[in-house]
>>> print(open('final12.cif').read())   # mmCIF, C-alpha atoms
data_query
loop_
_atom_site.group_PDB
_atom_site.id
_atom_site.type_symbol
_atom_site.label_atom_id
_atom_site.label_comp_id
_atom_site.auth_asym_id
_atom_site.auth_seq_id
_atom_site.Cartn_x
_atom_site.Cartn_y
_atom_site.Cartn_z
ATOM 1 C CA MET A 8 42.850 73.481 85.453
ATOM 2 C CA ASN A 9 42.485 69.739 84.789
ATOM 3 C CA SER A 10 44.612 67.209 86.661
ATOM 4 C CA THR A 11 46.957 66.516 83.732
ATOM 5 C CA LYS A 12 47.794 70.187 83.221
ATOM 6 C CA GLN A 13 48.122 70.686 86.967
ATOM 7 C CA SER A 14 50.532 67.754 87.234
ATOM 8 C CA SER A 15 52.593 69.091 84.313
ATOM 9 C CA LEU A 16 52.861 72.512 85.929
ATOM 10 C CA LYS A 17 53.914 71.052 89.256
ATOM 11 C CA VAL A 18 56.463 68.797 87.556
ATOM 12 C CA ARG A 19 58.107 71.848 85.982
ATOM 13 C CA GLN A 20 58.095 73.620 89.347
ATOM 14 C CA ILE A 21 59.559 70.611 91.174
ATOM 15 C CA LEU A 22 62.356 70.296 88.629
ATOM 16 C CA ALA A 23 63.095 74.025 88.770
ATOM 17 C CA ALA A 24 63.304 73.815 92.570
ATOM 18 C CA ALA A 25 65.677 70.835 92.297
ATOM 19 C CA LEU A 26 67.953 72.789 89.969
ATOM 20 C CA GLU A 27 68.008 75.667 92.449
ATOM 21 C CA LEU A 28 68.980 73.233 95.202
ATOM 22 C CA ARG A 29 71.666 71.671 92.994
ATOM 23 C CA ASP A 30 73.207 75.066 92.267
ATOM 24 C CA ALA A 31 73.012 76.192 95.911
ATOM 25 C CA VAL A 32 74.762 73.017 97.066
ATOM 26 C CA ASN A 33 77.462 73.371 94.411
ATOM 27 C CA GLU A 34 78.356 76.799 95.779
ATOM 28 C CA ILE A 35 79.295 75.367 99.186
ATOM 29 C CA ALA A 36 83.050 74.783 99.579
ATOM 30 C CA PHE A 37 82.900 71.189 100.792
ATOM 31 C CA GLU A 38 86.299 70.242 99.373
ATOM 32 C CA ALA A 39 88.168 71.994 102.187
ATOM 33 C CA TYR A 40 86.510 69.746 104.777
ATOM 34 C CA ILE A 41 85.184 66.592 103.077
ATOM 35 C CA PRO A 42 87.431 64.437 100.843
ATOM 36 C CA TRP A 43 84.706 63.146 98.513
ATOM 37 C CA VAL A 44 81.370 64.708 97.547
ATOM 38 C CA TYR A 45 78.835 63.356 95.034
ATOM 39 C CA ASN A 46 75.873 65.413 93.821
ATOM 40 C CA PRO A 47 73.531 63.170 91.759
ATOM 41 C CA LEU A 48 71.467 66.198 90.723
ATOM 42 C CA ASP A 49 74.510 67.037 88.590
ATOM 43 C CA TYR A 50 75.688 63.823 86.966
ATOM 44 C CA ALA A 51 72.411 61.841 87.244
ATOM 45 C CA TRP A 52 70.073 64.719 86.424
ATOM 46 C CA LEU A 53 68.458 62.952 83.467
ATOM 47 C CA LEU A 54 67.464 60.055 85.695
ATOM 48 C CA TYR A 55 65.994 62.317 88.365
ATOM 49 C CA GLN A 56 64.208 64.391 85.736
ATOM 50 C CA GLN A 57 62.659 61.266 84.235
ATOM 51 C CA TYR A 58 61.635 60.065 87.713
ATOM 52 C CA VAL A 59 59.686 63.267 88.377
ATOM 53 C CA GLU A 60 58.233 63.592 84.885
ATOM 54 C CA LYS A 61 57.170 59.961 84.754
ATOM 55 C CA HIS A 62 55.767 59.506 88.244
ATOM 56 C CA PHE A 63 54.725 62.691 90.028
ATOM 57 C CA ARG A 64 50.968 63.289 90.229
ATOM 58 C CA SER A 65 49.192 66.408 91.471
ATOM 59 C CA SER A 66 46.938 64.147 93.573
ATOM 60 C CA CYS A 67 49.901 63.386 95.876
ATOM 61 C CA GLU A 68 48.917 63.495 99.554
ATOM 62 C CA THR A 69 52.011 61.996 101.203
ATOM 63 C CA ILE A 70 55.691 62.767 100.648
ATOM 64 C CA PHE A 71 58.289 60.391 102.078
ATOM 65 C CA VAL A 72 61.571 62.169 102.795
ATOM 66 C CA GLY A 73 64.881 60.325 102.980
ATOM 67 C CA MET A 74 68.087 61.704 104.467
ATOM 68 C CA ASN A 75 70.692 61.620 101.668
ATOM 69 C CA PRO A 76 71.956 59.267 98.922
ATOM 70 C CA GLY A 77 73.375 55.851 99.624
ATOM 71 C CA PRO A 78 76.448 54.746 97.617
ATOM 72 C CA TRP A 79 74.624 52.059 95.613
ATOM 73 C CA GLY A 80 71.221 53.740 95.427
ATOM 74 C CA MET A 81 70.530 57.396 94.750
ATOM 75 C CA SER A 82 74.237 58.045 94.248
ATOM 76 C CA GLN A 83 74.025 55.790 91.193
ATOM 77 C CA THR A 84 70.530 56.540 89.900
ATOM 78 C CA GLY A 85 69.566 60.034 91.075
ATOM 79 C CA VAL A 86 66.297 58.589 92.430
ATOM 80 C CA PRO A 87 65.575 58.704 96.196
ATOM 81 C CA PHE A 88 66.232 55.215 97.643
ATOM 82 C CA GLY A 89 66.986 54.364 94.006
ATOM 83 C CA GLU A 90 68.232 50.785 94.159
ATOM 84 C CA VAL A 91 69.264 49.972 90.589
ATOM 85 C CA SER A 92 67.003 47.015 89.830
ATOM 86 C CA MET A 93 63.949 48.782 91.285
ATOM 87 C CA VAL A 94 64.664 51.883 89.210
ATOM 88 C CA LYS A 95 65.095 49.872 86.015
ATOM 89 C CA ASN A 96 62.499 47.164 86.437
ATOM 90 C CA TRP A 97 59.712 48.723 88.520
ATOM 91 C CA LEU A 98 59.989 52.481 88.018
ATOM 92 C CA LYS A 99 61.020 51.875 84.383
ATOM 93 C CA ILE A 100 63.643 54.632 84.239
ATOM 94 C CA THR A 101 66.419 54.175 81.698
ATOM 95 C CA ALA A 102 68.367 57.430 81.320
ATOM 96 C CA GLU A 103 72.170 57.620 81.440
ATOM 97 C CA VAL A 104 74.505 59.250 83.939
ATOM 98 C CA VAL A 105 77.452 61.481 83.163
ATOM 99 C CA SER A 106 80.227 60.134 85.371
ATOM 100 C CA PRO A 107 81.557 62.758 87.794
ATOM 101 C CA LYS A 108 85.207 63.682 87.336
ATOM 102 C CA ASN A 109 86.280 63.142 90.935
ATOM 103 C CA GLN A 110 85.284 59.606 91.947
ATOM 104 C CA HIS A 111 86.334 57.609 94.962
ATOM 105 C CA PRO A 112 88.006 54.369 93.751
ATOM 106 C CA LYS A 113 85.803 52.337 96.101
ATOM 107 C CA ARG A 114 82.614 54.162 95.097
ATOM 108 C CA PRO A 115 82.569 54.311 91.287
ATOM 109 C CA ILE A 116 79.496 55.814 89.628
ATOM 110 C CA GLN A 117 78.154 53.358 87.058
ATOM 111 C CA GLY A 118 74.531 54.442 86.904
ATOM 112 C CA LEU A 119 72.086 51.711 85.928
ATOM 113 C CA ALA A 120 75.030 49.439 85.110
ATOM 114 C CA CYS A 121 76.030 49.307 88.779
ATOM 115 C CA PRO A 122 76.041 45.640 89.868
ATOM 116 C CA ARG A 123 75.709 46.371 93.594
ATOM 117 C CA LYS A 124 72.393 46.129 95.436
ATOM 118 C CA GLU A 125 71.432 48.732 98.029
ATOM 119 C CA VAL A 126 69.456 46.991 100.754
ATOM 120 C CA SER A 127 67.743 50.160 101.993
ATOM 121 C CA GLY A 128 66.377 51.004 98.550
ATOM 122 C CA ASP A 129 65.420 47.418 97.814
ATOM 123 C CA ARG A 130 63.449 47.214 101.059
ATOM 124 C CA PHE A 131 61.847 50.623 100.615
ATOM 125 C CA TRP A 132 60.632 50.287 97.027
ATOM 126 C CA GLY A 133 60.023 46.553 97.406
ATOM 127 C CA PHE A 134 57.559 47.279 100.198
ATOM 128 C CA PHE A 135 55.512 49.656 98.060
ATOM 129 C CA LYS A 136 55.754 47.348 95.062
ATOM 130 C CA GLU A 137 54.216 44.577 97.164
ATOM 131 C CA LYS A 138 51.432 46.825 98.460
ATOM 132 C CA TYR A 139 50.569 48.742 95.276
ATOM 133 C CA LYS A 140 51.730 46.371 92.520
ATOM 134 C CA THR A 141 52.230 49.209 89.998
ATOM 135 C CA PRO A 142 54.008 52.573 90.259
ATOM 136 C CA ALA A 143 50.881 54.298 88.924
ATOM 137 C CA LYS A 144 48.844 53.208 91.944
ATOM 138 C CA PHE A 145 51.564 54.187 94.422
ATOM 139 C CA PHE A 146 52.263 57.615 92.928
ATOM 140 C CA GLN A 147 48.583 58.455 92.698
ATOM 141 C CA SER A 148 48.819 59.540 96.323
ATOM 142 C CA HIS A 149 52.534 59.339 97.235
ATOM 143 C CA PHE A 150 55.881 60.812 96.252
ATOM 144 C CA VAL A 151 59.430 60.196 97.496
ATOM 145 C CA ALA A 152 62.040 62.903 97.960
ATOM 146 C CA SER A 153 65.495 63.254 99.487
ATOM 147 C CA TYR A 154 66.091 66.019 102.021
ATOM 148 C CA CYS A 155 69.756 66.329 101.032
ATOM 149 C CA PRO A 156 70.709 65.224 97.496
ATOM 150 C CA VAL A 157 74.427 64.966 98.250
ATOM 151 C CA ALA A 158 76.573 62.010 99.361
ATOM 152 C CA PHE A 159 79.685 62.572 101.483
ATOM 153 C CA MET A 160 82.534 60.110 102.031
ATOM 154 C CA GLU A 161 85.631 59.844 104.135
ATOM 155 C CA GLN A 162 88.971 58.946 102.554
ATOM 156 C CA SER A 163 88.216 55.313 103.322
ATOM 157 C CA GLY A 164 84.949 55.492 101.385
ATOM 158 C CA LEU A 165 82.821 55.384 104.528
ATOM 159 C CA ASN A 166 79.609 57.390 104.249
ATOM 160 C CA ILE A 167 79.313 60.654 106.202
ATOM 161 C CA THR A 168 75.720 61.592 107.004
ATOM 162 C CA PRO A 169 74.782 65.307 106.751
ATOM 163 C CA ASP A 170 74.314 65.660 110.508
ATOM 164 C CA LYS A 171 77.966 64.657 111.040
ATOM 165 C CA LEU A 172 79.424 67.343 108.764
ATOM 166 C CA PRO A 173 81.446 70.247 110.209
ATOM 167 C CA ALA A 174 79.151 73.155 111.097
ATOM 168 C CA VAL A 175 80.887 75.450 108.600
ATOM 169 C CA VAL A 176 79.432 73.419 105.723
ATOM 170 C CA ARG A 177 76.518 71.752 107.516
ATOM 171 C CA ASN A 178 74.767 75.047 108.247
ATOM 172 C CA PRO A 179 74.631 76.407 104.665
ATOM 173 C CA LEU A 180 73.760 72.917 103.387
ATOM 174 C CA GLN A 181 70.883 72.654 105.843
ATOM 175 C CA GLN A 182 69.656 76.109 104.891
ATOM 176 C CA ALA A 183 69.590 75.175 101.197
ATOM 177 C CA CYS A 184 67.870 71.847 101.885
ATOM 178 C CA ASP A 185 65.305 73.463 104.193
ATOM 179 C CA GLN A 186 64.473 76.040 101.533
ATOM 180 C CA HIS A 187 64.045 73.303 98.940
ATOM 181 C CA LEU A 188 61.733 71.287 101.189
ATOM 182 C CA GLN A 189 59.704 74.430 101.895
ATOM 183 C CA ARG A 190 59.369 74.987 98.169
ATOM 184 C CA LEU A 191 58.337 71.371 97.622
ATOM 185 C CA LEU A 192 55.584 71.748 100.223
ATOM 186 C CA GLU A 193 54.366 74.952 98.571
ATOM 187 C CA ILE A 194 54.200 73.228 95.183
ATOM 188 C CA VAL A 195 52.651 69.922 96.220
ATOM 189 C CA SER A 196 50.512 70.913 99.258
ATOM 190 C CA PRO A 197 50.538 67.399 100.748
ATOM 191 C CA LYS A 198 48.630 66.279 103.827
ATOM 192 C CA TRP A 199 51.557 64.260 105.173
ATOM 193 C CA LEU A 200 55.328 64.653 105.321
ATOM 194 C CA ILE A 201 56.915 61.400 106.479
ATOM 195 C CA GLY A 202 60.557 61.325 107.495
ATOM 196 C CA VAL A 203 62.290 58.030 106.772
ATOM 197 C CA GLY A 204 64.225 57.790 110.011
ATOM 198 C CA GLY A 205 64.496 60.102 113.005
ATOM 199 C CA TRP A 206 66.846 62.700 111.536
ATOM 200 C CA ALA A 207 64.726 63.195 108.415
ATOM 201 C CA GLU A 208 61.647 63.531 110.611
ATOM 202 C CA LYS A 209 63.342 66.299 112.631
ATOM 203 C CA ARG A 210 64.208 68.236 109.497
ATOM 204 C CA CYS A 211 60.629 67.826 108.221
ATOM 205 C CA GLN A 212 59.227 69.034 111.530
ATOM 206 C CA SER A 213 61.553 72.043 111.573
ATOM 207 C CA VAL A 214 60.554 73.061 108.044
ATOM 208 C CA VAL A 215 56.835 72.716 108.728
ATOM 209 C CA GLU A 216 57.172 74.761 111.920
ATOM 210 C CA SER A 217 59.101 77.466 110.073
ATOM 211 C CA LEU A 218 56.253 77.741 107.568
ATOM 212 C CA GLY A 219 53.748 78.115 110.385
ATOM 213 C CA THR A 220 51.289 75.785 108.688
ATOM 214 C CA SER A 221 48.896 73.330 110.309
ATOM 215 C CA SER A 222 47.815 71.807 107.005
ATOM 216 C CA VAL A 223 50.781 69.396 106.845
ATOM 217 C CA GLN A 224 51.184 66.646 109.408
ATOM 218 C CA VAL A 225 54.637 65.218 110.099
ATOM 219 C CA GLY A 226 55.367 61.598 110.905
ATOM 220 C CA LYS A 227 58.142 59.023 110.834
ATOM 221 C CA ILE A 228 58.753 55.496 109.628
ATOM 222 C CA LEU A 229 61.637 53.225 110.526
ATOM 223 C CA HIS A 230 64.615 53.651 108.221
ATOM 224 C CA PRO A 231 65.249 50.483 106.169
ATOM 225 C CA SER A 232 69.032 50.534 106.592
ATOM 226 C CA PRO A 233 70.557 47.121 107.406
ATOM 227 C CA ALA A 234 72.819 48.986 109.850
ATOM 228 C CA SER A 235 69.758 49.280 112.107
ATOM 229 C CA PRO A 236 69.026 46.075 114.076
ATOM 230 C CA ALA A 237 65.337 47.065 114.237
ATOM 231 C CA ALA A 238 65.136 47.315 110.443
ATOM 232 C CA ASN A 239 66.389 43.752 110.082
ATOM 233 C CA LYS A 240 63.367 42.357 111.923
ATOM 234 C CA ASN A 241 60.143 42.488 109.880
ATOM 235 C CA TRP A 242 60.763 46.006 108.540
ATOM 236 C CA SER A 243 57.767 45.872 106.198
ATOM 237 C CA GLU A 244 55.372 44.867 108.960
ATOM 238 C CA VAL A 245 56.711 47.544 111.299
ATOM 239 C CA VAL A 246 56.373 50.294 108.683
ATOM 240 C CA GLU A 247 52.873 49.228 107.683
ATOM 241 C CA GLY A 248 51.866 49.415 111.341
ATOM 242 C CA GLN A 249 53.458 52.860 111.698
ATOM 243 C CA LEU A 250 51.624 54.235 108.665
ATOM 244 C CA LYS A 251 48.321 52.869 109.930
ATOM 245 C CA SER A 252 48.902 54.206 113.460
ATOM 246 C CA LEU A 253 49.674 57.657 112.077
ATOM 247 C CA GLY A 254 46.529 57.620 109.974
ATOM 248 C CA VAL A 255 48.385 57.868 106.666
ATOM 249 C CA TRP A 256 46.921 54.494 105.729
ATOM 250 C CA ARG A 257 43.500 53.404 106.873
#
>>> encode(input="final12.cif", output="structure tokens")
Amino acid sequence: MNSTKQSSLKVRQILAAALELRDAVNEIAFEAYIPWVYNPLDYAWLLYQQYVEKHFRSSCETIFVGMNPGPWGMSQTGVPFGEVSMVKNWLKITAEVVSPKNQHPKRPIQGLACPRKEVSGDRFWGFFKEKYKTPAKFFQSHFVASYCPVAFMEQSGLNITPDKLPAVVRNPLQQACDQHLQRLLEIVSPKWLIGVGGWAEKRCQSVVESLGTSSVQVGKILHPSPASPAANKNWSEVVEGQLKSLGVWR
């Protein structure tokens, strides 16, 4: 099978796996425990679909795995670390969102019309834009995924990370996300799985161990969140050094 046909097959498999994850997450009764829940694989599916169809390549060797959507990034665009301007102007994705019915007044979903900038996504994609110049060169050997596609908010609008959820919903969510990541590894067969931040790294390590495979190496890079003091000091230089130390980049 040539590389184009192989990429097309894997794209269909990746999208099918994402739909399975979307449906599994939607079956979890979050509303009894969490005031506000956003699932971009529902309302921003066309954006995510275009992201995969446009950029995934079967030659991918490294998958970066984020934790879950930020309010002004993936929550708006459906793309992991999907800061709006990067999605529009660098990744060249233009699809529309279907606004979810239940929206927090402080966290409206506006899709690519959202005027807010997400620092984490801007740092993340900006770093690879600087290093690779074009998406084609980056995606020739890399891909970016989100471990958990769902955003959770308190009544105030404050983000709730998946690890802070009540066990009654965290456990089935983690099971669904683990199964999806396992499926992604089976489809892509990467050499590296890189958690963006410590929690994502732990989930990656757990999934790889559960598969009993030695063909995938797990690593970590510093999360680009401005809430982290370390990320506000030369994040790009730190991450480049981490990737070189791991052996992902030579």
>>> atom_distance(input="final12.cif", atom1="atom CA of A:Pro115", atom2="atom CA of A:Gln83")
8.7 Å
>>> closest_atom_pairs(input="final12.cif", of="stretch 135-222 of chain A", to="stretch 242-247 of chain A", cutoff="12 Å", atoms="all atoms listed in the file", output="Markdown table")
| residue | atom | partner | partner_atom | distance |
| --- | --- | --- | --- | --- |
| A:Phe135 | CA | A:Ser243 | CA | 9.3 |
| A:Lys136 | CA | A:Ser243 | CA | 11.4 |
| A:Glu137 | CA | A:Ser243 | CA | 9.8 |
| A:Lys138 | CA | A:Glu247 | CA | 9.6 |
| A:Ile201 | CA | A:Val246 | CA | 11.3 |
| A:Gly202 | CA | A:Val246 | CA | 11.9 |
| A:Val203 | CA | A:Val246 | CA | 9.9 |
| A:Gly204 | CA | A:Val246 | CA | 10.9 |
>>> resolve_selection(input="final12.cif", expression="the PyMOL selection byres ((chain A and resi 233) around 10)", output="short mmCIF file (atom, residue, chain, number, x, y, z; two decimals) with C-alpha atoms, keeping the file's coordinate frame")
data_model
loop_
_atom_site.label_atom_id
_atom_site.label_comp_id
_atom_site.auth_asym_id
_atom_site.auth_seq_id
_atom_site.Cartn_x
_atom_site.Cartn_y
_atom_site.Cartn_z
CA GLU A 125 71.43 48.73 98.03
CA VAL A 126 69.46 46.99 100.75
CA SER A 127 67.74 50.16 101.99
CA ARG A 130 63.45 47.21 101.06
CA HIS A 230 64.61 53.65 108.22
CA PRO A 231 65.25 50.48 106.17
CA SER A 232 69.03 50.53 106.59
CA ALA A 234 72.82 48.99 109.85
CA SER A 235 69.76 49.28 112.11
CA PRO A 236 69.03 46.08 114.08
CA ALA A 237 65.34 47.06 114.24
CA ALA A 238 65.14 47.32 110.44
CA ASN A 239 66.39 43.75 110.08
CA LYS A 240 63.37 42.36 111.92
CA TRP A 242 60.76 46.01 108.54
#
>>> atom_distance(input="final12.cif", atom1="atom CA of A:Gln147", atom2="atom CA of A:Pro76")
24.2 Å
>>> residues_around(input="final12.cif", residues="A:Leu48", least_positions_apart="4", cutoff="10 Å", atoms="all atoms listed in the file", output="PDB file with C-alpha atoms, in the coordinates of the input")
ATOM      1  CA  ALA A  25      65.677  70.835  92.297  1.00  0.00           C
ATOM      2  CA  LEU A  26      67.953  72.789  89.969  1.00  0.00           C
ATOM      3  CA  LEU A  28      68.980  73.233  95.202  1.00  0.00           C
ATOM      4  CA  ARG A  29      71.666  71.671  92.994  1.00  0.00           C
ATOM      5  CA  ASP A  30      73.207  75.066  92.267  1.00  0.00           C
ATOM      6  CA  VAL A  32      74.762  73.017  97.066  1.00  0.00           C
ATOM      7  CA  TRP A  52      70.073  64.719  86.424  1.00  0.00           C
ATOM      8  CA  LEU A  53      68.458  62.952  83.467  1.00  0.00           C
ATOM      9  CA  LEU A  54      67.464  60.055  85.695  1.00  0.00           C
ATOM     10  CA  TYR A  55      65.994  62.317  88.365  1.00  0.00           C
ATOM     11  CA  GLN A  56      64.208  64.391  85.736  1.00  0.00           C
ATOM     12  CA  MET A  81      70.530  57.396  94.750  1.00  0.00           C
ATOM     13  CA  SER A  82      74.237  58.045  94.248  1.00  0.00           C
ATOM     14  CA  THR A  84      70.530  56.540  89.900  1.00  0.00           C
ATOM     15  CA  GLY A  85      69.566  60.034  91.075  1.00  0.00           C
ATOM     16  CA  VAL A  86      66.297  58.589  92.430  1.00  0.00           C
ATOM     17  CA  PRO A 156      70.709  65.224  97.496  1.00  0.00           C
ATOM     18  CA  VAL A 157      74.427  64.966  98.250  1.00  0.00           C
TER      19      VAL A 157
END
>>> axis_aligned_box(input="final12.cif", around="stretch 182-186 of chain A", padding_each_side="6 Å", output="AutoDock Vina command-line options")
--center_x 67.1 --center_y 74.0 --center_z 103.0 --size_x 17.2 --size_y 16.3 --size_z 15.7
>>> atom_distance(input="final12.cif", atom1="atom CA of A:Gln57", atom2="atom CA of A:Ala207")
24.3 Å
>>> closest_residue(input="final12.cif", among="A:Ile70, A:Leu165, A:Ala143, A:Ala23", to="A:Gln224", atoms="only C-alpha atoms")
A:Ile70
>>> closest_residue(input="final12.cif", among="A:Lys227, A:Arg190, A:Lys113, A:Lys171", to="A:Phe71", atoms="only C-alpha atoms")
A:Lys227
>>> decode(input="final12.cif", residues="stretch 184-214 of chain A", atoms="N, CA and C atoms", output="short mmCIF file (atom, residue, chain, number, x, y, z; two decimals), in the first residue's frame")
data_model
loop_
_atom_site.label_atom_id
_atom_site.label_comp_id
_atom_site.auth_asym_id
_atom_site.auth_seq_id
_atom_site.Cartn_x
_atom_site.Cartn_y
_atom_site.Cartn_z
N CYS A 184 -11.04 7.19 27.75
CA CYS A 184 -9.89 7.89 27.18
C CYS A 184 -8.69 6.95 27.01
N ASP A 185 -8.49 6.06 27.95
CA ASP A 185 -7.42 5.06 27.83
C ASP A 185 -7.65 4.18 26.60
N GLN A 186 -8.88 3.73 26.43
CA GLN A 186 -9.20 2.87 25.29
C GLN A 186 -8.97 3.60 23.97
N HIS A 187 -9.31 4.87 23.95
CA HIS A 187 -9.09 5.66 22.73
C HIS A 187 -7.60 5.81 22.44
N LEU A 188 -6.81 6.09 23.47
CA LEU A 188 -5.37 6.24 23.26
C LEU A 188 -4.74 4.92 22.83
N GLN A 189 -5.21 3.82 23.40
CA GLN A 189 -4.75 2.50 22.95
C GLN A 189 -5.03 2.31 21.46
N ARG A 190 -6.25 2.68 21.06
CA ARG A 190 -6.63 2.52 19.66
C ARG A 190 -5.77 3.41 18.76
N LEU A 191 -5.49 4.62 19.21
CA LEU A 191 -4.65 5.53 18.44
C LEU A 191 -3.25 4.95 18.25
N LEU A 192 -2.72 4.33 19.28
CA LEU A 192 -1.39 3.71 19.17
C LEU A 192 -1.42 2.54 18.20
N GLU A 193 -2.49 1.76 18.24
CA GLU A 193 -2.62 0.63 17.31
C GLU A 193 -2.68 1.11 15.86
N ILE A 194 -3.36 2.21 15.63
CA ILE A 194 -3.52 2.73 14.27
C ILE A 194 -2.22 3.35 13.76
N VAL A 195 -1.61 4.18 14.57
CA VAL A 195 -0.48 4.99 14.12
C VAL A 195 0.86 4.27 14.25
N SER A 196 1.02 3.45 15.31
CA SER A 196 2.29 2.76 15.59
C SER A 196 3.46 3.74 15.67
N PRO A 197 3.38 4.74 16.55
CA PRO A 197 4.46 5.71 16.66
C PRO A 197 5.66 5.15 17.43
N LYS A 198 6.77 5.85 17.35
CA LYS A 198 7.94 5.49 18.16
C LYS A 198 7.87 6.18 19.52
N TRP A 199 7.26 7.37 19.54
CA TRP A 199 7.23 8.18 20.75
C TRP A 199 5.81 8.63 21.09
N LEU A 200 5.53 8.64 22.38
CA LEU A 200 4.29 9.19 22.92
C LEU A 200 4.73 10.21 23.97
N ILE A 201 4.49 11.48 23.71
CA ILE A 201 5.00 12.55 24.57
C ILE A 201 3.86 13.25 25.28
N GLY A 202 3.79 13.09 26.59
CA GLY A 202 2.79 13.79 27.37
C GLY A 202 3.17 15.25 27.53
N VAL A 203 2.22 16.13 27.30
CA VAL A 203 2.45 17.56 27.51
C VAL A 203 2.03 17.85 28.94
N GLY A 204 3.00 17.80 29.83
CA GLY A 204 2.74 17.93 31.26
C GLY A 204 2.79 16.58 31.96
N GLY A 205 2.93 16.61 33.28
CA GLY A 205 3.12 15.40 34.06
C GLY A 205 1.92 14.46 34.07
N TRP A 206 0.71 15.02 34.16
CA TRP A 206 -0.46 14.16 34.23
C TRP A 206 -0.68 13.42 32.92
N ALA A 207 -0.51 14.12 31.80
CA ALA A 207 -0.66 13.47 30.49
C ALA A 207 0.40 12.38 30.32
N GLU A 208 1.61 12.65 30.80
CA GLU A 208 2.66 11.63 30.71
C GLU A 208 2.27 10.37 31.48
N LYS A 209 1.70 10.54 32.67
CA LYS A 209 1.29 9.38 33.47
C LYS A 209 0.23 8.56 32.76
N ARG A 210 -0.73 9.23 32.13
CA ARG A 210 -1.76 8.49 31.41
C ARG A 210 -1.15 7.76 30.21
N CYS A 211 -0.22 8.41 29.52
CA CYS A 211 0.47 7.76 28.39
C CYS A 211 1.23 6.53 28.87
N GLN A 212 1.94 6.67 29.97
CA GLN A 212 2.73 5.55 30.49
C GLN A 212 1.82 4.40 30.89
N SER A 213 0.70 4.71 31.53
CA SER A 213 -0.23 3.67 31.95
C SER A 213 -0.79 2.90 30.76
N VAL A 214 -1.13 3.63 29.69
CA VAL A 214 -1.70 2.99 28.50
C VAL A 214 -0.66 2.10 27.82
#
